[in-house]
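Remarks on the structure that follows.
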Amino acid sequence: MNEIERLLAIEEIQQLKAKYFYGLDTHDWDLWRREVWAPEARLEVPELGSSVEGRDALADWVAERSANQVSVHHGHTPIIELTSDTTATGLWAMEDRLYRPKDHPDHADGAFILGFGHYRETYVKLDVGWRIATTLLTRLRVTRQRVF
Amino acid sequence: MDATTRLTAIEEIKQLKARYFLGVDTQDWDLFRREIFVEDTSFQLSEFREEPYRGMEEVLGMFREGLAGKYSVHHGHMPIIGIASDITATGLWAMEDRIYLADSGAAQGTLVLHGFGHYRETYVRMDAGWRIESIRLTRLRLETRTVAVP
């Protein structure tokens with residue numbers, strides 16, 4: 001892989017992550033299935049004790065937790081490393097806002113949750129392009145406010 | 001289109017959007033006219049008006065009027081830029097903005113509108129470089145609160 005091919009792969013992976021955020025915040029789970037995740041993808045969120053495997057199971061799990069919730073996710077300052085022509089790793093800083101109504105199962109103490117953390121990911125290049133293979137989400141800090 | 005041309009176009013469009021944000025927040029409408037919009041541009045702000053603002057003068061008028069006496073801070077994130085041809089492209093940006101209403105009349109401090117949403121855009125390459133042809137802005141969420149400003 002030459003320098004230009006490497007740069008193009010990095011750009012494509014950044015846009016892949018942008019589609020992840022766009023699908024998540026607009027609840028476009030079809031986009032997730034079509035253009036974001038590899039079929040054998042895995043999502044891990046240790047703070048929830050969760051590890052979900054398989055694209056469909058993962059999309060269903062996130063869709064269920066996102067129903068009835070408005071979310072805003074932003075990614076920053078990616079560190080993308082190509083480990084071969086068809087594999088890569090990524091680390092993204094993340095800021096998210098979750099707005100939940102009172103009847104949401106995870107409403108807990110606050111309806112507005114502001115979080116900051118990191119995604120540690122691996123990517124794989126399939127015939128259809130780059131897809132997320134694994135994601136591990138950890139948070140540095142979470143604040144909760146009662147706004148409703 | 002080869003990889004270098006594609007990457008250069010993507011970078012130029014990201015910098016075009018950066019100038020857009022600089023122009024909005026410094027209210028530099030000449031910069032908009034010179035370096036950002038095509039003459040027959042359009043801007044759709046569905047939450048206020050379904051019908052897009054059309055043409056340079058109407059779009060600049062909307063900005064001038066909308067931001068008069070206010071301070072704004074706009075950030076763009078996570079661009080998805082699709083290069084459709086040598087001279088056309090599409091973009092999708094996540095957006096966060098804060099608008100401080102200087103004369104909001106709030107009893108204590110200044111009212112701030114803190115919003116989150118997306119820009120869906122088209123671009124066209126002119127002799128002078130890439131320009132914004134159309135923008136549609138939608139919001140996911142708008143928070144309103146009062147802050148103290150020294």
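Labeling convention for the structure tokens: chains A, B, ... as they appear, residues from 1 per chain, ligands from 1 in order of appearance.
Look at Glu96 of chain B: the protein and nucleic acid residues within 6 Å of it, using only C-alpha atoms and passing over chain neighbours fewer than 5 places away, are His74, His75, Gly115 and Phe116 of chain B.
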Mind writing the picked residues with C-alpha atoms as a compact mmCIF listing (two decimals), in the first residue's frame?
```
# COMPACT_ATOMS: atom_id res chain seq x y z
CA HIS B 74 -20.72 26.75 15.23
CA HIS B 75 -18.74 23.52 15.13
CA GLY B 115 -28.39 23.08 19.20
CA PHE B 116 -27.34 19.81 17.58
```
Counting only C-alpha atoms, which residues of chain B sit at most 12 Å from some atom of chain A, and what is each one's closest atom pair with its distance in Å to one decimal, listed by chain and rising residue number, as a tab-separated table?
```
residue	atom	partner	partner_atom	distance
B:Asp2	CA	A:Ile4	CA	9.8
B:Ala3	CA	A:Leu8	CA	6.6
B:Thr4	CA	A:Ile4	CA	6.4
B:Thr5	CA	A:Ile4	CA	10.1
B:Arg6	CA	A:Leu8	CA	8.4
B:Leu7	CA	A:Leu8	CA	6.6
B:Thr8	CA	A:Leu8	CA	10.2
B:Ala9	CA	A:Leu8	CA	11.8
B:Ile10	CA	A:Glu11	CA	8.9
B:Glu11	CA	A:Glu11	CA	9.8
B:Lys14	CA	A:Glu11	CA	11.9
B:His75	CA	A:His74	CA	10.5
B:Gly76	CA	A:His74	CA	9.4
B:His77	CA	A:His74	CA	6.6
B:Met78	CA	A:Ala18	CA	4.9
B:Pro79	CA	A:Ala18	CA	6.5
B:Ile80	CA	A:Gln15	CA	5.1
B:Ile81	CA	A:Gln15	CA	7.6
B:Gly82	CA	A:Gln15	CA	9.5
B:Gly91	CA	A:Gln15	CA	10.6
B:Leu92	CA	A:Ala18	CA	8.9
B:Trp93	CA	A:Ala18	CA	8.5
B:Ala94	CA	A:His74	CA	7.5
B:Met95	CA	A:His74	CA	8.9
B:Glu96	CA	A:His74	CA	9.1
B:Gly115	CA	A:Val72	CA	10.0
B:Phe116	CA	A:Val72	CA	6.9
B:Gly117	CA	A:Val72	CA	8.0
B:His118	CA	A:Tyr22	CA	8.6
B:Tyr119	CA	A:Tyr22	CA	11.1
B:Arg120	CA	A:Tyr22	CA	11.4
B:Thr138	CA	A:Thr26	CA	10.9
B:Arg139	CA	A:Val72	CA	10.1
B:Leu140	CA	A:Val70	CA	7.2
B:Arg141	CA	A:Val70	CA	7.5
B:Leu142	CA	A:Val72	CA	10.9
B:Glu143	CA	A:Val147	CA	9.9
B:Thr144	CA	A:Val147	CA	10.8
B:Arg145	CA	A:Val147	CA	10.9
```
Atoms kept (C-alpha atoms) for selection, written as a PDB file, in the first residue's frame:
```pdb
ATOM      1  CA  ASP B   2      -7.639   8.834  -9.115  1.00  0.00           C
ATOM      2  CA  ALA B   3      -7.067   8.653  -5.359  1.00  0.00           C
ATOM      3  CA  THR B   4      -4.977  11.836  -5.174  1.00  0.00           C
ATOM      4  CA  THR B   5      -7.584  13.923  -7.010  1.00  0.00           C
ATOM      5  CA  ARG B   6     -10.340  12.500  -4.806  1.00  0.00           C
ATOM      6  CA  LEU B   7      -8.445  13.157  -1.579  1.00  0.00           C
ATOM      7  CA  THR B   8      -7.585  16.699  -2.668  1.00  0.00           C
ATOM      8  CA  ALA B   9     -11.229  17.431  -3.492  1.00  0.00           C
ATOM      9  CA  ILE B  10     -12.372  16.049  -0.102  1.00  0.00           C
ATOM     10  CA  GLU B  11      -9.794  18.203   1.722  1.00  0.00           C
ATOM     11  CA  LYS B  14     -13.623  20.333   4.297  1.00  0.00           C
ATOM     12  CA  HIS B  75     -18.744  23.521  15.134  1.00  0.00           C
ATOM     13  CA  GLY B  76     -18.778  20.861  12.403  1.00  0.00           C
ATOM     14  CA  HIS B  77     -17.912  17.221  12.954  1.00  0.00           C
ATOM     15  CA  MET B  78     -17.684  13.879  11.174  1.00  0.00           C
ATOM     16  CA  PRO B  79     -18.000  14.886   7.501  1.00  0.00           C
ATOM     17  CA  ILE B  80     -19.134  12.335   4.928  1.00  0.00           C
ATOM     18  CA  ILE B  81     -18.005  13.785   1.591  1.00  0.00           C
ATOM     19  CA  GLY B  82     -18.992  12.002  -1.606  1.00  0.00           C
ATOM     20  CA  GLY B  91     -21.632  16.377   2.080  1.00  0.00           C
ATOM     21  CA  LEU B  92     -23.159  15.445   5.395  1.00  0.00           C
ATOM     22  CA  TRP B  93     -21.849  17.125   8.569  1.00  0.00           C
ATOM     23  CA  ALA B  94     -22.781  16.789  12.214  1.00  0.00           C
ATOM     24  CA  MET B  95     -23.332  20.247  13.716  1.00  0.00           C
ATOM     25  CA  GLU B  96     -23.263  21.824  17.163  1.00  0.00           C
ATOM     26  CA  GLY B 115     -28.385  23.081  19.200  1.00  0.00           C
ATOM     27  CA  PHE B 116     -27.336  19.815  17.575  1.00  0.00           C
ATOM     28  CA  GLY B 117     -28.112  18.597  14.093  1.00  0.00           C
ATOM     29  CA  HIS B 118     -26.922  17.884  10.579  1.00  0.00           C
ATOM     30  CA  TYR B 119     -26.094  19.742   7.396  1.00  0.00           C
ATOM     31  CA  ARG B 120     -26.870  17.961   4.132  1.00  0.00           C
ATOM     32  CA  THR B 138     -32.055  19.881  10.466  1.00  0.00           C
ATOM     33  CA  ARG B 139     -31.843  19.706  14.250  1.00  0.00           C
ATOM     34  CA  LEU B 140     -31.875  16.707  16.563  1.00  0.00           C
ATOM     35  CA  ARG B 141     -32.199  18.790  19.697  1.00  0.00           C
ATOM     36  CA  LEU B 142     -32.259  22.380  20.919  1.00  0.00           C
ATOM     37  CA  GLU B 143     -31.437  23.268  24.537  1.00  0.00           C
ATOM     38  CA  THR B 144     -32.289  26.667  25.941  1.00  0.00           C
ATOM     39  CA  ARG B 145     -30.713  28.076  29.092  1.00  0.00           C
TER      40      ARG B 145
END
```
Legend entry - Members of chain B assigned strand (DSSP E or B) by DSSP, as a PyMOL selection string: chain B and resi 37-45+49-54+70-83+88-101+110-126+129-147
Please dump the current selection as a PDB file, in the first residue's frame; keep C-alpha atoms.
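That gives us again-v9.pdb:
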```pdb
ATOM      1  CA  PHE B  37     -21.604  30.213  -1.901  1.00  0.00           C
ATOM      2  CA  VAL B  38     -22.468  30.068  -5.598  1.00  0.00           C
ATOM      3  CA  GLU B  39     -24.763  32.896  -6.749  1.00  0.00           C
ATOM      4  CA  ASP B  40     -27.834  30.662  -7.109  1.00  0.00           C
ATOM      5  CA  THR B  41     -27.304  28.903  -3.790  1.00  0.00           C
ATOM      6  CA  SER B  42     -30.143  27.712  -1.563  1.00  0.00           C
ATOM      7  CA  PHE B  43     -30.516  27.216   2.191  1.00  0.00           C
ATOM      8  CA  GLN B  44     -33.330  25.224   3.772  1.00  0.00           C
ATOM      9  CA  LEU B  45     -33.956  25.787   7.472  1.00  0.00           C
ATOM     10  CA  ARG B  49     -39.521  27.850   7.023  1.00  0.00           C
ATOM     11  CA  GLU B  50     -40.182  24.916   4.737  1.00  0.00           C
ATOM     12  CA  GLU B  51     -39.470  26.939   1.588  1.00  0.00           C
ATOM     13  CA  PRO B  52     -35.686  27.277   1.071  1.00  0.00           C
ATOM     14  CA  TYR B  53     -34.065  30.700   0.955  1.00  0.00           C
ATOM     15  CA  ARG B  54     -32.889  31.066  -2.644  1.00  0.00           C
ATOM     16  CA  LYS B  70     -26.225  37.919  18.573  1.00  0.00           C
ATOM     17  CA  TYR B  71     -23.060  35.917  19.029  1.00  0.00           C
ATOM     18  CA  SER B  72     -22.828  32.480  17.488  1.00  0.00           C
ATOM     19  CA  VAL B  73     -20.426  29.546  17.793  1.00  0.00           C
ATOM     20  CA  HIS B  74     -20.722  26.746  15.225  1.00  0.00           C
ATOM     21  CA  HIS B  75     -18.744  23.521  15.134  1.00  0.00           C
ATOM     22  CA  GLY B  76     -18.778  20.861  12.403  1.00  0.00           C
ATOM     23  CA  HIS B  77     -17.912  17.221  12.954  1.00  0.00           C
ATOM     24  CA  MET B  78     -17.684  13.879  11.174  1.00  0.00           C
ATOM     25  CA  PRO B  79     -18.000  14.886   7.501  1.00  0.00           C
ATOM     26  CA  ILE B  80     -19.134  12.335   4.928  1.00  0.00           C
ATOM     27  CA  ILE B  81     -18.005  13.785   1.591  1.00  0.00           C
ATOM     28  CA  GLY B  82     -18.992  12.002  -1.606  1.00  0.00           C
ATOM     29  CA  ILE B  83     -17.237  13.127  -4.769  1.00  0.00           C
ATOM     30  CA  THR B  88     -19.980  17.943  -8.116  1.00  0.00           C
ATOM     31  CA  ALA B  89     -20.029  16.543  -4.595  1.00  0.00           C
ATOM     32  CA  THR B  90     -22.295  15.905  -1.609  1.00  0.00           C
ATOM     33  CA  GLY B  91     -21.632  16.377   2.080  1.00  0.00           C
ATOM     34  CA  LEU B  92     -23.159  15.445   5.395  1.00  0.00           C
ATOM     35  CA  TRP B  93     -21.849  17.125   8.569  1.00  0.00           C
ATOM     36  CA  ALA B  94     -22.781  16.789  12.214  1.00  0.00           C
ATOM     37  CA  MET B  95     -23.332  20.247  13.716  1.00  0.00           C
ATOM     38  CA  GLU B  96     -23.263  21.824  17.163  1.00  0.00           C
ATOM     39  CA  ASP B  97     -24.134  25.488  17.588  1.00  0.00           C
ATOM     40  CA  ARG B  98     -24.534  28.022  20.364  1.00  0.00           C
ATOM     41  CA  ILE B  99     -26.355  31.281  19.797  1.00  0.00           C
ATOM     42  CA  TYR B 100     -26.130  33.908  22.529  1.00  0.00           C
ATOM     43  CA  LEU B 101     -29.004  36.366  22.436  1.00  0.00           C
ATOM     44  CA  THR B 110     -27.899  35.887  28.590  1.00  0.00           C
ATOM     45  CA  LEU B 111     -30.154  33.385  26.900  1.00  0.00           C
ATOM     46  CA  VAL B 112     -28.231  30.761  24.925  1.00  0.00           C
ATOM     47  CA  LEU B 113     -29.663  28.370  22.350  1.00  0.00           C
ATOM     48  CA  HIS B 114     -27.516  25.229  22.185  1.00  0.00           C
ATOM     49  CA  GLY B 115     -28.385  23.081  19.200  1.00  0.00           C
ATOM     50  CA  PHE B 116     -27.336  19.815  17.575  1.00  0.00           C
ATOM     51  CA  GLY B 117     -28.112  18.597  14.093  1.00  0.00           C
ATOM     52  CA  HIS B 118     -26.922  17.884  10.579  1.00  0.00           C
ATOM     53  CA  TYR B 119     -26.094  19.742   7.396  1.00  0.00           C
ATOM     54  CA  ARG B 120     -26.870  17.961   4.132  1.00  0.00           C
ATOM     55  CA  GLU B 121     -25.146  19.809   1.334  1.00  0.00           C
ATOM     56  CA  THR B 122     -24.211  19.816  -2.313  1.00  0.00           C
ATOM     57  CA  TYR B 123     -21.087  21.402  -3.721  1.00  0.00           C
ATOM     58  CA  VAL B 124     -20.034  22.474  -7.173  1.00  0.00           C
ATOM     59  CA  ARG B 125     -16.566  23.205  -8.490  1.00  0.00           C
ATOM     60  CA  MET B 126     -16.258  26.611 -10.193  1.00  0.00           C
ATOM     61  CA  GLY B 129     -12.706  26.417  -6.585  1.00  0.00           C
ATOM     62  CA  TRP B 130     -15.369  24.438  -4.695  1.00  0.00           C
ATOM     63  CA  ARG B 131     -18.457  26.347  -3.546  1.00  0.00           C
ATOM     64  CA  ILE B 132     -21.617  25.440  -1.616  1.00  0.00           C
ATOM     65  CA  GLU B 133     -24.578  24.972  -3.946  1.00  0.00           C
ATOM     66  CA  SER B 134     -27.237  23.998  -1.401  1.00  0.00           C
ATOM     67  CA  ILE B 135     -27.642  23.428   2.346  1.00  0.00           C
ATOM     68  CA  ARG B 136     -30.398  21.742   4.311  1.00  0.00           C
ATOM     69  CA  LEU B 137     -30.072  22.085   8.083  1.00  0.00           C
ATOM     70  CA  THR B 138     -32.055  19.881  10.466  1.00  0.00           C
ATOM     71  CA  ARG B 139     -31.843  19.706  14.250  1.00  0.00           C
ATOM     72  CA  LEU B 140     -31.875  16.707  16.563  1.00  0.00           C
ATOM     73  CA  ARG B 141     -32.199  18.790  19.697  1.00  0.00           C
ATOM     74  CA  LEU B 142     -32.259  22.380  20.919  1.00  0.00           C
ATOM     75  CA  GLU B 143     -31.437  23.268  24.537  1.00  0.00           C
ATOM     76  CA  THR B 144     -32.289  26.667  25.941  1.00  0.00           C
ATOM     77  CA  ARG B 145     -30.713  28.076  29.092  1.00  0.00           C
ATOM     78  CA  THR B 146     -29.493  31.246  30.727  1.00  0.00           C
ATOM     79  CA  VAL B 147     -25.795  31.822  31.312  1.00  0.00           C
TER      80      VAL B 147
END
```
Inset, instruction - If you run DSSP over the backbone, which residues in chain B end up alpha helix (DSSP H)? Put them as a count of residues only. - result: 38
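Surrounding segment 57-64 of chain A within 7 Å are Trp29, Leu43, Val52 and Glu53 of chain A, with only C-alpha atoms counted and residues fewer than 4 positions along the same chain left out.
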Legend entry - Within 10 Å of Gly69 of chain B using only C-alpha atoms, minus same-chain residues under 2 positions, as a PyMOL selection string: chain B and resi 64-67+71+100-104
Would you save the residues of that selection, restricted to C-alpha atoms, as a CSV table (one decimal), in the first residue's frame?
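Saved file out06.csv follows:
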```
chain,number,residue,atom,x,y,z
B,64,ARG,CA,-27.7,39.0,8.6
B,65,GLU,CA,-31.2,39.3,10.1
B,66,GLY,CA,-31.0,36.0,12.0
B,67,LEU,CA,-27.7,36.8,13.7
B,71,TYR,CA,-23.1,35.9,19.0
B,100,TYR,CA,-26.1,33.9,22.5
B,101,LEU,CA,-29.0,36.4,22.4
B,102,ALA,CA,-27.4,39.6,23.6
B,103,ASP,CA,-30.7,41.5,24.1
B,104,SER,CA,-32.9,38.6,25.2
```
Legend entry - Long-range neighbours of segment 130-132 of chain A as a PyMOL selection string, 12 Å cut-off, only C-alpha atoms, 3 positions minimum in chain: chain A and resi 8-20+31-43+54-55+58+82+85-90+119-127+135-136
Inset, instruction - Kindly give the distance, in Å, that separates atom CA of Met1 of chain B and atom CA of Ser85 of chain B, rounded to a single decimal. - result: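 Value for the atom CA of Met1 of chain B-atom CA of Ser85 of chain B distance: 7.9 Å.
Atom CA of Pro78 of chain A sits 23.8 Å away from atom CA of Thr143 of chain A.
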Inset, instruction - Grab the atom CA of Arg33 of chain B to atom CA of Leu60 of chain B distance for me, in Å with one decimal place. - result: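 One can read the atom CA of Arg33 of chain B to atom CA of Leu60 of chain B distance as 8.4 Å.
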